[in-house]
$ cat upload.cif   # mmCIF, C-alpha atoms
data_model
#
loop_
_atom_site.group_PDB
_atom_site.id
_atom_site.type_symbol
_atom_site.label_atom_id
_atom_site.label_comp_id
_atom_site.auth_asym_id
_atom_site.auth_seq_id
_atom_site.Cartn_x
_atom_site.Cartn_y
_atom_site.Cartn_z
ATOM 1 C CA MET K 1 0.000 0.000 0.000
ATOM 2 C CA ASN K 2 1.506 3.313 -1.051
ATOM 3 C CA LYS K 3 1.155 6.555 0.865
ATOM 4 C CA ILE K 4 0.939 10.006 -0.638
ATOM 5 C CA LYS K 5 2.567 12.797 1.334
ATOM 6 C CA LEU K 6 2.240 16.473 0.557
ATOM 7 C CA VAL K 7 2.870 19.744 2.310
ATOM 8 C CA VAL K 8 0.316 22.527 2.002
ATOM 9 C CA ASP K 9 1.502 25.534 0.006
ATOM 10 C CA ASN K 10 1.350 28.947 1.581
ATOM 11 C CA LEU K 11 -2.335 29.793 1.825
ATOM 12 C CA GLU K 12 -3.881 33.225 1.797
ATOM 13 C CA GLU K 13 -6.685 31.892 3.974
ATOM 14 C CA GLU K 14 -7.646 28.655 5.681
ATOM 15 C CA ILE K 15 -9.414 26.054 3.526
ATOM 16 C CA ARG K 16 -11.298 22.858 4.352
ATOM 17 C CA ILE K 17 -9.173 19.772 3.804
ATOM 18 C CA ASP K 18 -11.795 17.985 1.680
ATOM 19 C CA LYS K 19 -12.093 21.005 -0.599
ATOM 20 C CA TYR K 20 -8.335 21.484 -0.846
ATOM 21 C CA LEU K 21 -7.614 17.864 -1.775
ATOM 22 C CA SER K 22 -10.535 17.486 -4.206
ATOM 23 C CA GLU K 23 -9.271 20.535 -6.103
ATOM 24 C CA ASN K 24 -5.713 19.193 -6.322
ATOM 25 C CA GLU K 25 -5.197 18.478 -10.017
ATOM 26 C CA GLU K 26 -2.412 15.951 -9.449
ATOM 27 C CA LEU K 27 -4.502 13.778 -7.118
ATOM 28 C CA ASP K 28 -7.673 13.764 -9.232
ATOM 29 C CA PHE K 29 -9.800 12.678 -6.217
ATOM 30 C CA THR K 30 -13.500 13.502 -6.025
ATOM 31 C CA ARG K 31 -14.686 15.306 -2.897
ATOM 32 C CA SER K 32 -16.781 12.289 -1.877
ATOM 33 C CA LYS K 33 -13.709 10.047 -2.233
ATOM 34 C CA ILE K 34 -11.704 12.408 -0.024
ATOM 35 C CA GLN K 35 -14.467 12.527 2.588
ATOM 36 C CA LYS K 36 -14.648 8.737 2.636
ATOM 37 C CA LEU K 37 -10.897 8.409 3.182
ATOM 38 C CA ILE K 38 -11.035 10.988 5.984
ATOM 39 C CA ASP K 39 -13.978 9.222 7.657
ATOM 40 C CA GLU K 40 -12.021 5.949 7.518
ATOM 41 C CA GLY K 41 -8.997 7.587 9.149
ATOM 42 C CA ASN K 42 -6.888 7.158 6.021
ATOM 43 C CA ILE K 43 -5.990 10.836 5.707
ATOM 44 C CA LEU K 44 -3.894 12.372 8.468
ATOM 45 C CA VAL K 45 -2.738 15.933 9.030
ATOM 46 C CA ASN K 46 0.530 16.219 10.934
ATOM 47 C CA ASN K 47 0.078 12.505 11.770
ATOM 48 C CA LYS K 48 -3.306 13.117 13.432
ATOM 49 C CA ILE K 49 -6.818 12.049 12.399
ATOM 50 C CA VAL K 50 -8.973 15.008 11.372
ATOM 51 C CA LYS K 51 -12.543 15.710 10.277
ATOM 52 C CA ASN K 52 -13.689 16.813 6.824
ATOM 53 C CA SER K 53 -14.255 20.281 8.234
ATOM 54 C CA TYR K 54 -10.633 20.640 9.360
ATOM 55 C CA LYS K 55 -9.223 23.954 8.116
ATOM 56 C CA LEU K 56 -5.767 23.532 6.621
ATOM 57 C CA GLN K 57 -3.028 25.983 7.386
ATOM 58 C CA SER K 58 0.243 26.699 5.627
ATOM 59 C CA ASN K 59 2.885 23.979 6.018
ATOM 60 C CA ASP K 60 0.435 21.344 7.276
ATOM 61 C CA GLU K 61 1.695 17.884 6.239
ATOM 62 C CA ILE K 62 -0.988 15.621 4.770
ATOM 63 C CA THR K 63 -0.614 11.836 4.541
ATOM 64 C CA ILE K 64 -3.043 9.924 2.320
ATOM 65 C CA ASP K 65 -3.205 6.140 2.712
ATOM 66 C CA ASP K 66 -5.230 4.867 -0.231
ATOM 67 C CA LYS K 67 -5.635 1.166 -0.984
ATOM 68 C CA GLU K 68 -6.268 2.015 -4.636
ATOM 69 C CA GLN K 69 -2.647 3.083 -4.894
ATOM 70 C CA ALA K 70 -1.706 -0.604 -4.607
ATOM 71 C CA LEU K 71 -3.606 -1.408 -7.797
ATOM 72 C CA GLU K 72 -1.663 -2.431 -10.850
ATOM 73 C CA ILE K 73 -2.067 -0.386 -14.010
ATOM 74 C CA LYS K 74 -3.217 -2.641 -16.843
ATOM 75 C CA ALA K 75 -2.229 -2.585 -20.479
ATOM 76 C CA GLU K 76 -5.223 -1.893 -22.733
ATOM 77 C CA ASP K 77 -5.608 -2.382 -26.472
ATOM 78 C CA ILE K 78 -6.549 1.208 -27.273
ATOM 79 C CA PRO K 79 -5.716 2.639 -30.716
ATOM 80 C CA ILE K 80 -3.140 5.432 -30.578
ATOM 81 C CA ASP K 81 -1.251 7.290 -33.284
ATOM 82 C CA ILE K 82 2.463 6.513 -32.914
ATOM 83 C CA ILE K 83 4.314 8.576 -35.495
ATOM 84 C CA TYR K 84 7.850 7.518 -34.527
ATOM 85 C CA GLU K 85 9.457 4.803 -32.409
ATOM 86 C CA ASP K 86 12.929 3.401 -31.787
ATOM 87 C CA ASP K 87 14.732 1.757 -28.854
ATOM 88 C CA ASP K 88 14.741 4.967 -26.813
ATOM 89 C CA VAL K 89 11.722 7.111 -27.631
ATOM 90 C CA ILE K 90 8.159 7.067 -28.891
ATOM 91 C CA VAL K 91 6.515 10.158 -30.357
ATOM 92 C CA VAL K 92 2.731 10.050 -30.045
ATOM 93 C CA ASN K 93 0.013 12.188 -31.584
ATOM 94 C CA LYS K 94 -2.474 12.170 -28.686
ATOM 95 C CA LYS K 95 -6.126 12.619 -29.501
ATOM 96 C CA SER K 96 -8.256 15.232 -27.776
ATOM 97 C CA GLY K 97 -10.162 13.794 -24.831
ATOM 98 C CA MET K 98 -7.534 11.242 -23.786
ATOM 99 C CA VAL K 99 -5.954 11.578 -20.347
ATOM 100 C CA VAL K 100 -2.176 11.127 -20.466
ATOM 101 C CA HIS K 101 -1.674 8.940 -17.373
ATOM 102 C CA PRO K 102 -3.737 7.117 -14.724
ATOM 103 C CA ALA K 103 -4.548 8.867 -11.465
ATOM 104 C CA PRO K 104 -6.573 7.860 -8.407
ATOM 105 C CA GLY K 105 -10.140 7.222 -9.508
ATOM 106 C CA ASN K 106 -9.153 7.086 -13.185
ATOM 107 C CA TYR K 107 -7.103 3.994 -13.964
ATOM 108 C CA SER K 108 -8.145 3.039 -17.478
ATOM 109 C CA GLY K 109 -8.486 4.497 -20.952
ATOM 110 C CA THR K 110 -5.385 6.657 -20.638
ATOM 111 C CA LEU K 111 -2.442 7.045 -22.991
ATOM 112 C CA VAL K 112 -0.297 5.092 -20.516
ATOM 113 C CA ASN K 113 -2.700 2.119 -20.617
ATOM 114 C CA ALA K 114 -2.424 2.148 -24.407
ATOM 115 C CA LEU K 115 1.376 2.536 -24.392
ATOM 116 C CA MET K 116 1.766 -0.422 -22.042
ATOM 117 C CA HIS K 117 -0.042 -2.572 -24.611
ATOM 118 C CA LYS K 118 2.105 -1.259 -27.482
ATOM 119 C CA SER K 119 5.504 -1.454 -25.778
ATOM 120 C CA SER K 120 7.026 -3.826 -23.232
ATOM 121 C CA SER K 121 9.660 -1.218 -22.424
ATOM 122 C CA LEU K 122 8.829 2.129 -20.791
ATOM 123 C CA SER K 123 10.898 4.211 -18.395
ATOM 124 C CA LYS K 124 10.187 3.827 -14.682
ATOM 125 C CA VAL K 125 11.474 7.230 -13.532
ATOM 126 C CA ASN K 126 8.031 8.655 -12.720
ATOM 127 C CA GLY K 127 6.619 5.547 -11.044
ATOM 128 C CA LYS K 128 3.985 3.036 -12.030
ATOM 129 C CA PHE K 129 1.257 5.585 -12.825
ATOM 130 C CA ARG K 130 3.413 7.463 -15.338
ATOM 131 C CA PRO K 131 5.703 4.939 -17.083
ATOM 132 C CA GLY K 132 7.463 6.596 -19.988
ATOM 133 C CA ILE K 133 5.824 9.979 -19.463
ATOM 134 C CA VAL K 134 8.410 12.744 -19.816
ATOM 135 C CA HIS K 135 5.947 15.625 -20.196
ATOM 136 C CA ARG K 136 2.177 16.031 -20.505
ATOM 137 C CA ILE K 137 -0.455 17.875 -22.440
ATOM 138 C CA ASP K 138 -3.972 18.507 -21.169
ATOM 139 C CA LYS K 139 -6.689 15.906 -21.616
ATOM 140 C CA ASP K 140 -8.575 18.026 -24.159
ATOM 141 C CA THR K 141 -5.482 19.250 -25.993
ATOM 142 C CA SER K 142 -4.432 17.132 -28.957
ATOM 143 C CA GLY K 143 -1.009 16.651 -30.451
ATOM 144 C CA LEU K 144 2.584 15.567 -29.978
ATOM 145 C CA LEU K 145 4.411 14.389 -26.911
ATOM 146 C CA ILE K 146 7.577 12.368 -26.267
ATOM 147 C CA VAL K 147 7.605 9.066 -24.380
ATOM 148 C CA ALA K 148 10.812 7.517 -23.002
ATOM 149 C CA LYS K 149 11.345 3.768 -23.338
ATOM 150 C CA ASN K 150 14.160 3.536 -20.781
ATOM 151 C CA ASP K 151 15.383 5.447 -17.734
ATOM 152 C CA ARG K 152 18.535 6.729 -19.436
ATOM 153 C CA ALA K 153 16.576 8.318 -22.279
ATOM 154 C CA HIS K 154 14.066 9.710 -19.771
ATOM 155 C CA ALA K 155 16.774 11.412 -17.696
ATOM 156 C CA ILE K 156 18.374 13.000 -20.765
ATOM 157 C CA LEU K 157 15.058 14.207 -22.200
ATOM 158 C CA SER K 158 13.968 15.599 -18.825
ATOM 159 C CA GLU K 159 17.194 17.581 -18.625
ATOM 160 C CA GLU K 160 16.660 18.870 -22.165
ATOM 161 C CA LEU K 161 13.153 20.017 -21.191
ATOM 162 C CA LYS K 162 14.508 21.687 -18.061
ATOM 163 C CA ASN K 163 17.135 23.500 -20.128
ATOM 164 C CA LYS K 164 14.485 24.601 -22.666
ATOM 165 C CA ASN K 165 16.106 22.669 -25.495
ATOM 166 C CA VAL K 166 12.891 20.890 -26.478
ATOM 167 C CA LYS K 167 10.993 23.132 -28.892
ATOM 168 C CA ARG K 168 7.199 22.927 -29.136
ATOM 169 C CA LYS K 169 4.710 24.818 -31.241
ATOM 170 C CA TYR K 170 0.950 24.884 -30.841
ATOM 171 C CA ILE K 171 -1.983 25.930 -32.999
ATOM 172 C CA ALA K 172 -4.873 27.654 -31.226
ATOM 173 C CA LEU K 173 -8.107 29.299 -32.282
ATOM 174 C CA VAL K 174 -8.929 32.110 -29.872
ATOM 175 C CA ASP K 175 -11.927 34.374 -29.339
ATOM 176 C CA GLY K 176 -11.832 37.896 -30.749
ATOM 177 C CA ILE K 177 -9.542 39.614 -33.216
ATOM 178 C CA ILE K 178 -5.878 40.034 -32.283
ATOM 179 C CA ASN K 179 -4.682 43.105 -34.143
ATOM 180 C CA HIS K 180 -0.951 42.566 -33.593
ATOM 181 C CA ASP K 181 0.717 40.090 -35.964
ATOM 182 C CA THR K 182 3.052 38.876 -33.215
ATOM 183 C CA GLY K 183 3.265 39.211 -29.456
ATOM 184 C CA SER K 184 4.672 37.838 -26.224
ATOM 185 C CA ILE K 185 2.935 37.326 -22.893
ATOM 186 C CA ASP K 186 5.252 37.423 -19.891
ATOM 187 C CA ALA K 187 3.040 36.882 -16.847
ATOM 188 C CA PRO K 188 3.572 34.547 -13.838
ATOM 189 C CA ILE K 189 1.141 31.662 -13.361
ATOM 190 C CA GLY K 190 -0.018 30.098 -10.109
ATOM 191 C CA ARG K 191 -3.027 28.319 -8.686
ATOM 192 C CA ASP K 192 -6.265 30.297 -8.482
ATOM 193 C CA ALA K 193 -6.960 31.083 -4.805
ATOM 194 C CA ASN K 194 -10.729 30.897 -5.401
ATOM 195 C CA ASP K 195 -10.727 27.648 -7.397
ATOM 196 C CA ARG K 196 -7.712 25.413 -6.908
ATOM 197 C CA LYS K 197 -8.507 23.370 -10.030
ATOM 198 C CA LYS K 198 -7.757 26.470 -12.076
ATOM 199 C CA MET K 199 -4.550 28.337 -12.766
ATOM 200 C CA CYS K 200 -4.337 32.094 -13.183
ATOM 201 C CA VAL K 201 -1.936 34.976 -13.680
ATOM 202 C CA THR K 202 -0.928 35.983 -10.170
ATOM 203 C CA SER K 203 2.062 37.245 -8.242
ATOM 204 C CA ILE K 204 1.298 34.943 -5.293
ATOM 205 C CA ASN K 205 2.971 31.493 -5.185
ATOM 206 C CA SER K 206 3.515 31.657 -8.931
ATOM 207 C CA LYS K 207 6.195 30.724 -11.447
ATOM 208 C CA ASN K 208 7.384 32.780 -14.381
ATOM 209 C CA ALA K 209 5.678 31.954 -17.666
ATOM 210 C CA VAL K 210 6.345 33.259 -21.179
ATOM 211 C CA THR K 211 4.233 32.562 -24.282
ATOM 212 C CA HIS K 212 5.016 33.869 -27.771
ATOM 213 C CA PHE K 213 2.396 33.969 -30.504
ATOM 214 C CA ARG K 214 1.998 34.972 -34.136
ATOM 215 C CA VAL K 215 -1.228 35.390 -36.048
ATOM 216 C CA LEU K 216 -1.853 32.890 -38.856
ATOM 217 C CA ASP K 217 -5.323 34.063 -39.909
ATOM 218 C CA ARG K 218 -8.218 36.226 -38.794
ATOM 219 C CA TYR K 219 -11.897 35.408 -39.195
ATOM 220 C CA LYS K 220 -15.052 37.300 -38.279
ATOM 221 C CA ASN K 221 -14.818 36.926 -34.509
ATOM 222 C CA THR K 222 -11.817 34.660 -33.963
ATOM 223 C CA THR K 223 -8.070 34.528 -34.614
ATOM 224 C CA LEU K 224 -5.929 31.521 -35.523
ATOM 225 C CA ILE K 225 -2.509 31.702 -33.884
ATOM 226 C CA GLU K 226 0.703 29.715 -33.527
ATOM 227 C CA CYS K 227 2.211 29.648 -30.028
ATOM 228 C CA SER K 228 5.652 28.747 -28.738
ATOM 229 C CA LEU K 229 6.599 28.492 -25.077
ATOM 230 C CA ASP K 230 9.677 29.514 -23.101
ATOM 231 C CA THR K 231 8.191 27.719 -20.087
ATOM 232 C CA GLY K 232 5.811 24.815 -19.587
ATOM 233 C CA ARG K 233 3.379 25.777 -16.840
ATOM 234 C CA THR K 234 0.081 23.988 -16.278
ATOM 235 C CA HIS K 235 -2.564 25.297 -18.723
ATOM 236 C CA GLN K 236 -0.090 27.992 -19.803
ATOM 237 C CA ILE K 237 -1.457 28.908 -23.237
ATOM 238 C CA ARG K 238 -5.058 28.699 -22.026
ATOM 239 C CA VAL K 239 -4.370 30.931 -19.012
ATOM 240 C CA HIS K 240 -2.291 33.458 -20.922
ATOM 241 C CA MET K 241 -4.803 33.816 -23.740
ATOM 242 C CA LYS K 242 -7.600 34.372 -21.227
ATOM 243 C CA TYR K 243 -5.379 36.939 -19.491
ATOM 244 C CA ILE K 244 -5.233 39.064 -22.669
ATOM 245 C CA ASN K 245 -9.008 38.588 -23.194
ATOM 246 C CA HIS K 246 -8.640 36.127 -26.074
ATOM 247 C CA PRO K 247 -9.485 32.748 -24.485
ATOM 248 C CA VAL K 248 -9.067 29.582 -26.526
ATOM 249 C CA VAL K 249 -12.284 28.746 -28.357
ATOM 250 C CA ASN K 250 -14.271 25.935 -26.725
ATOM 251 C CA ASP K 251 -12.221 25.992 -23.530
ATOM 252 C CA PRO K 252 -14.712 24.846 -20.856
ATOM 253 C CA VAL K 253 -12.558 26.127 -17.976
ATOM 254 C CA TYR K 254 -11.114 29.442 -19.136
ATOM 255 C CA GLY K 255 -13.510 30.316 -21.945
ATOM 256 C CA LYS K 256 -16.877 29.034 -23.058
ATOM 257 C CA ASN K 257 -17.805 25.665 -24.503
ATOM 258 C CA THR K 258 -19.754 26.099 -27.741
ATOM 259 C CA HIS K 259 -18.913 22.992 -29.725
ATOM 260 C CA GLY K 260 -20.298 20.056 -27.791
ATOM 261 C CA ASN K 261 -17.931 17.383 -26.538
ATOM 262 C CA PHE K 262 -14.842 18.464 -28.449
ATOM 263 C CA GLY K 263 -12.202 20.045 -26.226
ATOM 264 C CA GLN K 264 -10.474 23.381 -26.491
ATOM 265 C CA MET K 265 -9.180 24.384 -29.914
ATOM 266 C CA LEU K 266 -5.551 23.814 -28.988
ATOM 267 C CA HIS K 267 -3.190 21.420 -30.749
ATOM 268 C CA ALA K 268 0.494 20.610 -30.159
ATOM 269 C CA LYS K 269 1.535 20.571 -33.810
ATOM 270 C CA GLU K 270 5.360 20.494 -33.704
ATOM 271 C CA ILE K 271 8.051 19.092 -31.448
ATOM 272 C CA GLU K 272 11.822 19.179 -31.834
ATOM 273 C CA PHE K 273 14.489 17.599 -29.636
ATOM 274 C CA ILE K 274 17.974 16.091 -29.669
ATOM 275 C CA HIS K 275 17.815 12.289 -29.697
ATOM 276 C CA PRO K 276 19.186 10.993 -26.362
ATOM 277 C CA THR K 277 21.446 8.403 -28.037
ATOM 278 C CA THR K 278 22.195 9.413 -31.620
ATOM 279 C CA LYS K 279 22.271 13.162 -30.800
ATOM 280 C CA GLU K 280 20.410 13.704 -34.061
ATOM 281 C CA LEU K 281 18.007 16.653 -34.263
ATOM 282 C CA MET K 282 14.523 15.116 -34.363
ATOM 283 C CA HIS K 283 11.650 17.187 -35.735
ATOM 284 C CA PHE K 284 8.015 16.070 -36.013
ATOM 285 C CA GLU K 285 4.817 17.756 -37.142
ATOM 286 C CA CYS K 286 1.193 16.614 -37.193
ATOM 287 C CA ASP K 287 -1.924 18.248 -38.540
ATOM 288 C CA VAL K 288 -4.861 19.275 -36.374
ATOM 289 C CA PRO K 289 -7.631 16.660 -35.818
ATOM 290 C CA GLU K 290 -10.562 16.433 -38.213
ATOM 291 C CA GLU K 291 -12.926 17.849 -35.580
ATOM 292 C CA PHE K 292 -10.631 20.868 -35.244
ATOM 293 C CA LYS K 293 -10.684 21.340 -39.032
ATOM 294 C CA GLN K 294 -14.485 21.110 -39.167
ATOM 295 C CA ILE K 295 -14.933 23.727 -36.435
ATOM 296 C CA LEU K 296 -12.328 25.927 -38.124
ATOM 297 C CA GLU K 297 -14.249 25.727 -41.400
ATOM 298 C CA GLN K 298 -17.370 27.016 -39.608
ATOM 299 C CA TYR K 299 -15.488 30.154 -38.563
ATOM 300 C CA LYS K 300 -13.903 30.573 -41.987
ATOM 301 C CA SER K 301 -17.319 30.535 -43.660
ATOM 302 C CA GLU K 302 -18.821 33.222 -41.411
#

$ encode --input "upload.cif" --output "C-alpha cells"
Amino acid sequence: MNKIKLVVDNLEEEIRIDKYLSENEELDFTRSKIQKLIDEGNILVNNKIVKNSYKLQSNDEITIDDKEQALEIKAEDIPIDIIYEDDDVIVVNKKSGMVVHPAPGNYSGTLVNALMHKSSSLSKVNGKFRPGIVHRIDKDTSGLLIVAKNDRAHAILSEELKNKNVKRKYIALVDGIINHDTGSIDAPIGRDANDRKKMCVTSINSKNAVTHFRVLDRYKNTTLIECSLDTGRTHQIRVHMKYINHPVVNDPVYGKNTHGNFGQMLHAKEIEFIHPTTKELMHFECDVPEEFKQILEQYKSE
C-alpha cells in the first residue's frame, strides 16, 4: 500500500481539507472520495486524524493512505497514433479527450494504458502511474508528446526540457480579433486562490511563464494563432490567452464551450528535440484533428 505525502503551500486563507484535496489536479480525487478516506482515518494531518471540516493551514503535512494506490495499471488495447518509435523514444500524436496517465479514480483508458499494450519497455522514472511519461499535455489538448522507453533516455530528455532545449509549437483558435501580428505574454502563473482546479496569472505562489504567438489568420470573430513556449506551466497557453481577453475557443474552464464534446481548440503541432542516443536533431509535425478542421471551417465561412 503506497502513501501520498504532501505539504500545504502557503495559503492566503484557511481552507477545508476535503475542498483542498478534491481541487488538487495531481490527485484527481473527487470530494466524496476524499471525505470517505477521511472518515475511515486514512488521511492524516501532521500525523493526526482530522474531520472533513478541518481547516488547513500553511505547512500542514498531509498523509493519504489509499488502498487504490496498490492497484496495478493494466495494459489496454486502445488505438493510438504513434508517429515515430525506436529503442529509446516514442513520439505520439495524442487525440483530444484522452488523459495522459492514470490517477486515483481514473485507472483506465489513458495514454499510458495504451502505451503499455504497445511497448514492453517504458521508463520507470516517474513511477507506475506514469511509465514513460516525460511531459504532458492537457486531456482536451491534442497533439505531440515524447515518451521515453528507458530510464537513461528519460533522464536525458527531462534535462533537455529543463534546459528549454525541447521546442514545441501549438496551434490555437482564440476568441476575438488580435490586431498585432506577433506578441509575447510574460506573466507569472499560479493556482487560483478561489478555485484550486484552475490556474491564473498571479504574483502569489507563482512561477514565471512566457508565451510567444503569431497570427496565422483572422476570421469574423476569432483569430488563428501559432504559439511557442519559453516555459511549460500547467494550462499555460489557455491561461495566458484568457489573461489578454482572447481565451481559446471551446475551452470549458477558461472560456466558453460552444462545440459540444470536443475540447479546447488547442493542438500541439510540432516538437523538436535532440535524440538521447544518436544526438540527431529530431523534428516532427502533425496536422490538427478532423474535428478541429471542421470547427475551423465554420469560422472561416462566417

$ resolve_selection --input "upload.cif" --expression "the PyMOL selection byres ((chain K and resi 98-100) around 6)" --output "number ranges by chain"
K: 96-97, 101, 110-111, 139

$ atom_distance --input "upload.cif" --atom1 "atom CA of K:Asn208" --atom2 "atom CA of K:Met241"
15.4 Å

$ closest_residue --input "upload.cif" --among "K:Glu302, K:Asp87, K:Glu285, K:Asp186" --to "K:Ser120" --atoms "all atoms listed in the file"
K:Asp87

$ axis_aligned_box --input "upload.cif" --around "stretch 148-157 of chain K" --padding-each-side "6 Å" --output "JSON"
{"center_x": 14.7, "center_y": 8.9, "center_z": -20.5, "size_x": 19.7, "size_y": 22.7, "size_z": 17.6}

$ residues_near_point --input "upload.cif" --point "(9.1, 3.7, -17.6)" --cutoff "10 Å" --atoms "only C-alpha atoms" --output "list in words"
Val112, Met116, Ser120, Ser121, Leu122, Ser123, Lys124, Val125, Asn126, Gly127, Lys128, Phe129, Arg130, Pro131, Gly132, Ile133, Val134, Val147, Ala148, Lys149, Asn150, Asp151, Ala153 and His154 of chain K
